[in-house]
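The structure file final.pdb is reproduced below (PDB, C-alpha atoms).
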```
ATOM      1  CA  MET W   1       0.000   0.000   0.000
ATOM      2  CA  PHE W   2       1.441   3.366  -1.036
ATOM      3  CA  ARG W   3       1.805   5.975   1.704
ATOM      4  CA  SER W   4       2.936   9.562   1.340
ATOM      5  CA  LYS W   5       5.990  10.753   3.287
ATOM      6  CA  ALA W   6       3.668  12.595   5.664
ATOM      7  CA  GLU W   7       1.603   9.464   6.274
ATOM      8  CA  GLN W   8       4.747   7.388   6.753
ATOM      9  CA  LYS W   9       5.964   9.794   9.445
ATOM     10  CA  VAL W  10       2.638   9.512  11.225
ATOM     11  CA  LEU W  11       2.905   5.736  11.131
ATOM     12  CA  GLU W  12       6.467   5.842  12.463
ATOM     13  CA  LYS W  13       5.242   7.900  15.437
ATOM     14  CA  GLY W  14       2.739   5.165  16.251
ATOM     15  CA  TYR W  15      -0.374   6.987  15.035
ATOM     16  CA  ASP W  16      -3.031   5.874  12.594
ATOM     17  CA  PRO W  17      -2.326   7.627   9.256
ATOM     18  CA  ALA W  18      -6.091   7.969   8.775
ATOM     19  CA  ARG W  19      -6.002  10.764  11.394
ATOM     20  CA  LEU W  20      -3.989  13.002   9.063
ATOM     21  CA  PRO W  21      -6.164  15.032   6.672
ATOM     22  CA  PRO W  22      -5.065  15.337   3.039
ATOM     23  CA  GLY W  23      -2.262  17.780   2.356
ATOM     24  CA  GLN W  24      -1.154  17.945   6.014
ATOM     25  CA  TYR W  25       2.059  16.952   7.804
ATOM     26  CA  LEU W  26       2.495  16.043  11.477
ATOM     27  CA  THR W  27       4.375  18.259  13.908
ATOM     28  CA  GLU W  28       4.946  17.846  17.626
ATOM     29  CA  LYS W  29       5.507  21.589  17.991
ATOM     30  CA  TRP W  30       2.805  24.236  18.027
ATOM     31  CA  PRO W  31       3.792  26.766  15.369
ATOM     32  CA  VAL W  32       2.878  30.409  15.969
ATOM     33  CA  LEU W  33       1.008  32.107  13.149
ATOM     34  CA  HIS W  34      -0.904  35.370  13.248
ATOM     35  CA  ALA W  35      -1.134  38.723  11.532
ATOM     36  CA  GLY W  36      -0.084  41.857  13.363
ATOM     37  CA  SER W  37       1.199  42.145  16.900
ATOM     38  CA  VAL W  38       0.253  40.258  20.044
ATOM     39  CA  PRO W  39      -2.340  42.287  21.995
ATOM     40  CA  ASP W  40      -1.394  43.808  25.337
ATOM     41  CA  VAL W  41      -4.111  42.543  27.704
ATOM     42  CA  ASP W  42      -4.999  43.850  31.163
ATOM     43  CA  LEU W  43      -7.148  41.287  32.988
ATOM     44  CA  ALA W  44      -8.458  44.009  35.299
ATOM     45  CA  THR W  45     -10.330  45.590  32.379
ATOM     46  CA  TRP W  46     -10.735  42.548  30.122
ATOM     47  CA  ASP W  47     -14.244  41.238  29.484
ATOM     48  CA  LEU W  48     -16.128  38.829  27.245
ATOM     49  CA  LYS W  49     -19.408  39.834  25.639
ATOM     50  CA  VAL W  50     -22.151  37.582  24.233
ATOM     51  CA  TRP W  51     -24.916  39.247  22.249
ATOM     52  CA  GLY W  52     -27.091  39.095  19.149
ATOM     53  CA  GLU W  53     -29.855  36.506  18.850
ATOM     54  CA  VAL W  54     -30.037  35.897  22.611
ATOM     55  CA  GLU W  55     -32.633  36.656  25.269
ATOM     56  CA  GLU W  56     -30.106  37.967  27.793
ATOM     57  CA  PRO W  57     -26.959  39.666  26.441
ATOM     58  CA  LEU W  58     -24.042  39.086  28.770
ATOM     59  CA  THR W  59     -20.734  40.631  29.761
ATOM     60  CA  LEU W  60     -18.334  38.614  31.903
ATOM     61  CA  THR W  61     -15.201  39.768  33.686
ATOM     62  CA  TRP W  62     -12.173  37.485  33.776
ATOM     63  CA  GLU W  63     -13.048  36.420  37.320
ATOM     64  CA  GLN W  64     -16.642  35.646  36.356
ATOM     65  CA  LEU W  65     -15.521  33.583  33.370
ATOM     66  CA  ARG W  66     -13.054  31.590  35.472
ATOM     67  CA  ALA W  67     -15.782  30.931  38.045
ATOM     68  CA  LEU W  68     -17.841  28.991  35.483
ATOM     69  CA  PRO W  69     -17.516  25.190  35.437
ATOM     70  CA  ALA W  70     -14.380  24.123  33.591
ATOM     71  CA  SER W  71     -13.979  21.260  31.122
ATOM     72  CA  GLU W  72     -11.038  19.617  29.383
ATOM     73  CA  ILE W  73     -10.808  18.331  25.823
ATOM     74  CA  THR W  74      -8.193  16.594  23.701
ATOM     75  CA  LEU W  75      -8.324  16.779  19.919
ATOM     76  CA  ASP W  76      -6.203  17.020  16.802
ATOM     77  CA  ILE W  77      -5.687  20.507  15.388
ATOM     78  CA  HIS W  78      -4.995  21.267  11.728
ATOM     79  CA  CYS W  79      -3.694  24.543  10.328
ATOM     80  CA  VAL W  80      -4.463  25.813   6.855
ATOM     81  CA  THR W  81      -0.683  26.214   6.378
ATOM     82  CA  ARG W  82      -0.566  22.370   6.359
ATOM     83  CA  TRP W  83       0.738  21.418   9.808
ATOM     84  CA  SER W  84      -1.244  19.118  12.096
ATOM     85  CA  ARG W  85      -0.743  18.494  15.798
ATOM     86  CA  PHE W  86      -2.276  15.403  17.379
ATOM     87  CA  ASP W  87      -3.696  15.106  20.895
ATOM     88  CA  ALA W  88      -3.640  18.801  21.814
ATOM     89  CA  SER W  89      -5.302  19.338  25.189
ATOM     90  CA  PHE W  90      -7.241  22.395  26.291
ATOM     91  CA  ARG W  91      -9.062  23.518  29.418
ATOM     92  CA  GLY W  92     -11.757  26.151  29.558
ATOM     93  CA  VAL W  93     -15.504  26.729  29.422
ATOM     94  CA  ARG W  94     -17.981  24.932  27.190
ATOM     95  CA  TRP W  95     -20.539  26.982  25.298
ATOM     96  CA  ARG W  96     -23.404  25.352  27.211
ATOM     97  CA  GLU W  97     -22.312  27.220  30.361
ATOM     98  CA  LEU W  98     -22.788  30.533  28.576
ATOM     99  CA  ALA W  99     -25.849  29.408  26.647
ATOM    100  CA  SER W 100     -27.674  28.719  29.899
ATOM    101  CA  LEU W 101     -27.092  32.359  30.870
ATOM    102  CA  VAL W 102     -27.822  34.118  27.574
ATOM    103  CA  ARG W 103     -30.576  31.759  26.333
ATOM    104  CA  PRO W 104     -30.104  31.769  22.537
ATOM    105  CA  LYS W 105     -33.219  32.504  20.524
ATOM    106  CA  PRO W 106     -34.562  29.899  18.076
ATOM    107  CA  THR W 107     -33.357  32.200  15.303
ATOM    108  CA  ALA W 108     -29.710  31.836  16.411
ATOM    109  CA  ARG W 109     -28.009  29.705  13.762
ATOM    110  CA  PHE W 110     -24.586  31.230  13.171
ATOM    111  CA  VAL W 111     -21.691  32.620  15.188
ATOM    112  CA  VAL W 112     -19.253  35.448  14.660
ATOM    113  CA  ALA W 113     -16.382  35.220  17.133
ATOM    114  CA  HIS W 114     -14.915  38.677  17.736
ATOM    115  CA  ALA W 115     -11.281  38.961  18.770
ATOM    116  CA  GLU W 116      -8.785  41.700  19.590
ATOM    117  CA  GLN W 117      -7.592  44.059  16.843
ATOM    118  CA  GLY W 118     -10.614  43.511  14.613
ATOM    119  CA  PHE W 119     -10.060  39.828  13.916
ATOM    120  CA  SER W 120     -13.092  37.540  13.686
ATOM    121  CA  SER W 121     -14.155  34.075  12.590
ATOM    122  CA  ASN W 122     -17.516  32.618  11.598
ATOM    123  CA  PHE W 123     -19.197  29.211  11.655
ATOM    124  CA  PRO W 124     -22.604  27.598  12.230
ATOM    125  CA  LEU W 125     -23.706  27.492  15.871
ATOM    126  CA  GLU W 126     -23.651  23.684  15.854
ATOM    127  CA  PHE W 127     -19.838  23.777  15.825
ATOM    128  CA  LEU W 128     -19.766  25.844  19.018
ATOM    129  CA  GLU W 129     -22.230  23.385  20.570
ATOM    130  CA  ASP W 130     -19.973  20.424  19.733
ATOM    131  CA  GLU W 131     -18.651  18.512  22.768
ATOM    132  CA  HIS W 132     -15.101  19.191  21.561
ATOM    133  CA  ALA W 133     -15.581  22.968  21.292
ATOM    134  CA  LEU W 134     -14.229  25.163  24.063
ATOM    135  CA  LEU W 135     -13.515  28.705  25.151
ATOM    136  CA  ALA W 136     -10.017  27.829  26.275
ATOM    137  CA  TYR W 137      -7.659  29.544  28.697
ATOM    138  CA  GLU W 138      -5.192  26.672  29.142
ATOM    139  CA  ALA W 139      -3.351  24.425  26.697
ATOM    140  CA  ASP W 140      -1.347  21.311  27.525
ATOM    141  CA  GLY W 141      -1.750  21.885  31.263
ATOM    142  CA  ALA W 142      -0.585  25.509  31.376
ATOM    143  CA  PRO W 143      -2.104  28.937  30.697
ATOM    144  CA  LEU W 144      -2.190  29.886  27.048
ATOM    145  CA  THR W 145       0.810  31.878  25.954
ATOM    146  CA  PRO W 146       0.142  35.339  24.486
ATOM    147  CA  ASP W 147       1.251  34.067  21.045
ATOM    148  CA  HIS W 148      -1.404  31.363  21.196
ATOM    149  CA  GLY W 149      -4.260  33.601  22.278
ATOM    150  CA  TRP W 150      -3.952  34.318  26.005
ATOM    151  CA  PRO W 151      -6.097  34.957  27.912
ATOM    152  CA  LEU W 152      -8.866  33.260  25.889
ATOM    153  CA  ARG W 153      -9.226  31.563  22.546
ATOM    154  CA  LEU W 154     -11.807  29.418  20.834
ATOM    155  CA  VAL W 155     -11.213  25.790  20.005
ATOM    156  CA  ILE W 156     -13.563  24.780  17.194
ATOM    157  CA  PRO W 157     -13.445  21.133  16.049
ATOM    158  CA  ARG W 158     -13.738  19.869  12.474
ATOM    159  CA  LYS W 159     -12.457  23.148  11.019
ATOM    160  CA  TYR W 160      -9.046  24.469  10.071
ATOM    161  CA  PHE W 161      -7.585  26.146  13.128
ATOM    162  CA  TRP W 162      -8.024  29.734  11.932
ATOM    163  CA  LYS W 163     -11.691  29.341  12.899
ATOM    164  CA  SER W 164     -10.488  28.927  16.522
ATOM    165  CA  ALA W 165     -10.053  32.661  17.024
ATOM    166  CA  LYS W 166      -7.250  33.820  19.314
ATOM    167  CA  TRP W 167      -7.644  36.678  21.827
ATOM    168  CA  LEU W 168     -11.402  36.181  21.989
ATOM    169  CA  ARG W 169     -13.504  39.102  23.260
ATOM    170  CA  GLY W 170     -17.023  38.442  22.021
ATOM    171  CA  ILE W 171     -19.483  35.927  20.652
ATOM    172  CA  GLU W 172     -22.255  37.253  18.443
ATOM    173  CA  LEU W 173     -25.145  34.983  17.489
ATOM    174  CA  LEU W 174     -26.839  35.692  14.170
ATOM    175  CA  ASP W 175     -29.710  34.352  12.118
ATOM    176  CA  HIS W 176     -27.514  34.437   8.999
ATOM    177  CA  ASP W 177     -23.917  33.673   8.092
ATOM    178  CA  GLN W 178     -21.440  36.544   8.045
ATOM    179  CA  PRO W 179     -17.871  36.056   6.802
ATOM    180  CA  GLY W 180     -15.083  36.597   9.310
ATOM    181  CA  PHE W 181     -11.796  38.459   8.852
ATOM    182  CA  TRP W 182      -9.898  35.774   6.945
ATOM    183  CA  GLU W 183     -12.918  34.734   4.922
ATOM    184  CA  ARG W 184     -13.179  38.288   3.601
ATOM    185  CA  TYR W 185      -9.580  37.913   2.390
ATOM    186  CA  GLY W 186     -10.226  34.762   0.405
ATOM    187  CA  TYR W 187     -10.119  31.914   2.916
ATOM    188  CA  HIS W 188     -12.796  29.253   2.468
ATOM    189  CA  ASN W 189     -15.975  29.896   4.428
ATOM    190  CA  GLU W 190     -16.458  26.258   5.457
ATOM    191  CA  ALA W 191     -12.821  25.349   6.296
ATOM    192  CA  ASP W 192     -13.385  21.580   6.377
ATOM    193  CA  PHE W 193      -9.878  20.102   6.553
ATOM    194  CA  TRP W 194     -10.998  16.693   5.243
ATOM    195  CA  LYS W 195     -12.165  18.403   2.058
ATOM    196  CA  GLU W 196      -9.098  20.722   1.916
ATOM    197  CA  GLU W 197     -11.341  23.769   1.940
ATOM    198  CA  ARG W 198      -8.476  26.224   2.331
ATOM    199  CA  TYR W 199      -9.196  29.130  -0.010
ATOM    200  CA  GLY W 200     -12.194  30.309  -1.979
ATOM    201  CA  PHE W 201     -15.844  29.322  -1.497
TER     202      PHE W 201
END
```

Output the structure of this file as structure tokens.
Amino acid sequence: MFRSKAEQKVLEKGYDPARLPPGQYLTEKWPVLHAGSVPDVDLATWDLKVWGEVEEPLTLTWEQLRALPASEITLDIHCVTRWSRFDASFRGVRWRELASLVRPKPTARFVVAHAEQGFSSNFPLEFLEDEHALLAYEADGAPLTPDHGWPLRLVIPRKYFWKSAKWLRGIELLDHDQPGFWERYGYHNEADFWKEERYGF
């Protein structure tokens, strides 16, 4: 059976090559990729807002967010630049903890995640409701580093990792889809890594 070099490396590491999406290669590191500078965050003034198609818009301080029940997940992450990292672990808050407070309306079907410096990402609400989705403040047993989105980033499964917005500050629920920052610059709206939906619609 023919295997690509990337698949062979996965096999040599003891993993199932079927875990590696097409066009990806395995790395044990966590490469840093972002546009612009790393935001300077003051937790004393930081907050997270949830609004849009909800009954009760919400603003949480850092302390209030950290007081919510925490969960841990482990999943494979895949970057549009072709690296994949297996078994990445994250700790944070599941969407259901916030949903119980804001009470999404039946019309809520899509999400725009708003981040520092005008960055945003978009996806259907079902991806935020997934059991492997998280508003994460820790990775691999330690607080997120600023380069990787400290103090808070999304972790959205089944999508290329740009959908997992770093430096998260808001979640807006909409009744319609609205392209995020990278989508407006030509990245694929769906970002399904199994289909190699990297660029264009």

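Taking atom CA of W:Gln117 as the reference point, atom CA of W:Val50 is found at 17.6 Å.
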
Residue members of the PyMOL selection byres ((chain W and resi 43) around 9) in the file shown, as a ChimeraX atom specification: /W:41-42,44-47,61-63,151

For atom CA of W:Asp177 and atom CA of W:Tyr137, the interatomic separation in Å (one decimal):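 Separating atom CA of W:Asp177 from atom CA of W:Tyr137 is a distance of 26.6 Å.
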
Long-range neighbours of stretch 154-161 of chain W as JSON, numbers by chain, 10 Å cut-off, only C-alpha atoms, 4 positions minimum in chain: {"W": [73, 75, 76, 77, 78, 79, 80, 81, 82, 84, 90, 91, 92, 93, 94, 113, 115, 121, 123, 127, 128, 129, 130, 131, 132, 133, 134, 135, 136, 137, 149, 165, 166, 167, 168, 188, 190, 191, 192, 193, 194, 196, 197, 198]}

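Computed from the coordinates, the atom CA of W:Asn122 to atom CA of W:Leu58 distance equals 19.5 Å.
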
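Among the candidates W:His114, W:Lys195, W:Arg85, W:Arg153, the one nearest to W:Gly180 when counting only C-alpha atoms is W:His114.
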
Enumerate, as a ChimeraX atom specification, the residues matched when the PyMOL selection byres ((chain W and resi 105) around 6) is run on the file above. /W:53-54,104,106-108

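For the set W:Lys29, W:Arg19, W:His148, W:Arg169, the residue with the smallest atom-to-atom gap to W:Lys49 is W:Arg169, counting only C-alpha atoms.
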
May I ask which of the residues W:Pro124, W:Pro39, W:Pro69, W:Gly141 is the closest one to W:Asn189, counting all atoms listed in the file? W:Pro124

Can you give me, as a CSV table (one decimal) with C-alpha atoms, in the frame of the given file, the residues this file yields under the PyMOL selection byres ((chain W and resi 200) around 6)?
```
chain,number,residue,atom,x,y,z
W,186,GLY,CA,-10.2,34.8,0.4
W,187,TYR,CA,-10.1,31.9,2.9
W,188,HIS,CA,-12.8,29.3,2.5
W,199,TYR,CA,-9.2,29.1,0.0
W,201,PHE,CA,-15.8,29.3,-1.5
```

Restricting the calculation to all atoms listed in the file: of W:Arg109, W:Ala6, W:Leu48, W:Glu126, which residue gets closest to W:Gly170?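 So, comparing all the options, the nearest one is W:Leu48.
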
Just need the box for stretch 9-20 of chain W, edges along x, y and z, holding every atom the file lists for it with 4 Å tacked onto each side, so centre and edge lengths in Å to one decimal, as JSON.
```
{"center_x": 0.2, "center_y": 9.1, "center_z": 12.5, "size_x": 20.6, "size_y": 15.8, "size_z": 15.5}
```

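Closest approach to W:Glu138 from the set W:Ile171, W:Ala88, W:Val102, W:Val111 is made by W:Ala88, with distances taken over all atoms listed in the file.
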
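The nearest approach to W:Tyr25 among the residues W:Arg66, W:Glu55, W:Trp83, W:Ser4, with all atoms listed in the file taken into account, belongs to W:Trp83.
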
Atoms added to stretch 24-60 of chain W (N, CA and C atoms), reported as a CSV table (one decimal), in the frame of the given file:
```
chain,number,residue,atom,x,y,z
W,24,GLN,N,-1.7,17.5,4.7
W,24,GLN,CA,-1.2,17.9,6.0
W,24,GLN,C,0.1,17.1,6.4
W,25,TYR,N,0.9,17.7,7.2
W,25,TYR,CA,2.1,17.0,7.8
W,25,TYR,C,2.0,17.1,9.3
W,26,LEU,N,2.6,16.1,10.0
W,26,LEU,CA,2.5,16.0,11.5
W,26,LEU,C,3.7,16.8,12.1
W,27,THR,N,3.4,17.6,13.1
W,27,THR,CA,4.4,18.3,13.9
W,27,THR,C,4.1,18.0,15.4
W,28,GLU,N,5.1,17.9,16.2
W,28,GLU,CA,4.9,17.8,17.6
W,28,GLU,C,5.0,19.2,18.3
W,29,LYS,N,5.5,20.2,17.5
W,29,LYS,CA,5.5,21.6,18.0
W,29,LYS,C,4.2,22.2,17.7
W,30,TRP,N,4.0,23.5,18.3
W,30,TRP,CA,2.8,24.2,18.0
W,30,TRP,C,3.2,25.5,17.4
W,31,PRO,N,3.3,25.6,16.0
W,31,PRO,CA,3.8,26.8,15.4
W,31,PRO,C,2.9,28.0,15.7
W,32,VAL,N,3.6,29.1,15.7
W,32,VAL,CA,2.9,30.4,16.0
W,32,VAL,C,2.6,31.1,14.7
W,33,LEU,N,1.4,31.4,14.4
W,33,LEU,CA,1.0,32.1,13.1
W,33,LEU,C,-0.1,33.1,13.5
W,34,HIS,N,0.1,34.4,13.2
W,34,HIS,CA,-0.9,35.4,13.2
W,34,HIS,C,-0.5,36.6,12.5
W,35,ALA,N,-1.4,37.4,12.2
W,35,ALA,CA,-1.1,38.7,11.5
W,35,ALA,C,-1.1,39.8,12.6
W,36,GLY,N,-0.2,40.7,12.4
W,36,GLY,CA,-0.1,41.9,13.4
W,36,GLY,C,0.6,41.5,14.6
W,37,SER,N,0.5,42.3,15.6
W,37,SER,CA,1.2,42.1,16.9
W,37,SER,C,0.3,41.4,17.9
W,38,VAL,N,1.0,40.9,19.0
W,38,VAL,CA,0.3,40.3,20.0
W,38,VAL,C,-0.4,41.3,20.9
W,39,PRO,N,-1.7,41.3,21.2
W,39,PRO,CA,-2.3,42.3,22.0
W,39,PRO,C,-1.8,42.4,23.4
W,40,ASP,N,-1.8,43.6,23.9
W,40,ASP,CA,-1.4,43.8,25.3
W,40,ASP,C,-2.7,43.8,26.2
W,41,VAL,N,-2.8,42.8,27.0
W,41,VAL,CA,-4.1,42.5,27.7
W,41,VAL,C,-4.0,42.8,29.2
W,42,ASP,N,-4.9,43.6,29.7
W,42,ASP,CA,-5.0,43.8,31.2
W,42,ASP,C,-6.2,43.1,31.7
W,43,LEU,N,-6.0,42.1,32.5
W,43,LEU,CA,-7.1,41.3,33.0
W,43,LEU,C,-8.1,42.1,33.9
W,44,ALA,N,-7.6,43.2,34.4
W,44,ALA,CA,-8.5,44.0,35.3
W,44,ALA,C,-9.6,44.7,34.5
W,45,THR,N,-9.3,44.9,33.2
W,45,THR,CA,-10.3,45.6,32.4
W,45,THR,C,-10.9,44.7,31.3
W,46,TRP,N,-10.3,43.5,31.2
W,46,TRP,CA,-10.7,42.5,30.1
W,46,TRP,C,-12.2,42.1,30.4
W,47,ASP,N,-12.9,41.9,29.3
W,47,ASP,CA,-14.2,41.2,29.5
W,47,ASP,C,-14.6,40.5,28.2
W,48,LEU,N,-15.6,39.6,28.4
W,48,LEU,CA,-16.1,38.8,27.2
W,48,LEU,C,-17.6,39.1,27.1
W,49,LYS,N,-18.0,39.5,25.9
W,49,LYS,CA,-19.4,39.8,25.6
W,49,LYS,C,-20.1,38.8,24.8
W,50,VAL,N,-21.3,38.5,25.1
W,50,VAL,CA,-22.2,37.6,24.2
W,50,VAL,C,-23.4,38.3,23.9
W,51,TRP,N,-23.8,38.5,22.6
W,51,TRP,CA,-24.9,39.2,22.2
W,51,TRP,C,-25.5,38.8,20.9
W,52,GLY,N,-26.5,39.5,20.4
W,52,GLY,CA,-27.1,39.1,19.1
W,52,GLY,C,-28.4,38.4,19.4
W,53,GLU,N,-28.6,37.2,18.8
W,53,GLU,CA,-29.9,36.5,18.8
W,53,GLU,C,-29.9,35.7,20.2
W,54,VAL,N,-30.0,36.5,21.3
W,54,VAL,CA,-30.0,35.9,22.6
W,54,VAL,C,-31.1,36.7,23.4
W,55,GLU,N,-31.6,36.0,24.4
W,55,GLU,CA,-32.6,36.7,25.3
W,55,GLU,C,-32.0,37.6,26.3
W,56,GLU,N,-30.8,37.2,26.7
W,56,GLU,CA,-30.1,38.0,27.8
W,56,GLU,C,-28.7,38.2,27.4
W,57,PRO,N,-28.4,39.3,26.7
W,57,PRO,CA,-27.0,39.7,26.4
W,57,PRO,C,-26.1,39.7,27.7
W,58,LEU,N,-24.9,39.3,27.6
W,58,LEU,CA,-24.0,39.1,28.8
W,58,LEU,C,-22.7,39.7,28.6
W,59,THR,N,-22.1,40.2,29.7
W,59,THR,CA,-20.7,40.6,29.8
W,59,THR,C,-20.1,40.0,31.0
W,60,LEU,N,-19.0,39.3,30.8
W,60,LEU,CA,-18.3,38.6,31.9
W,60,LEU,C,-17.0,39.2,32.1
```
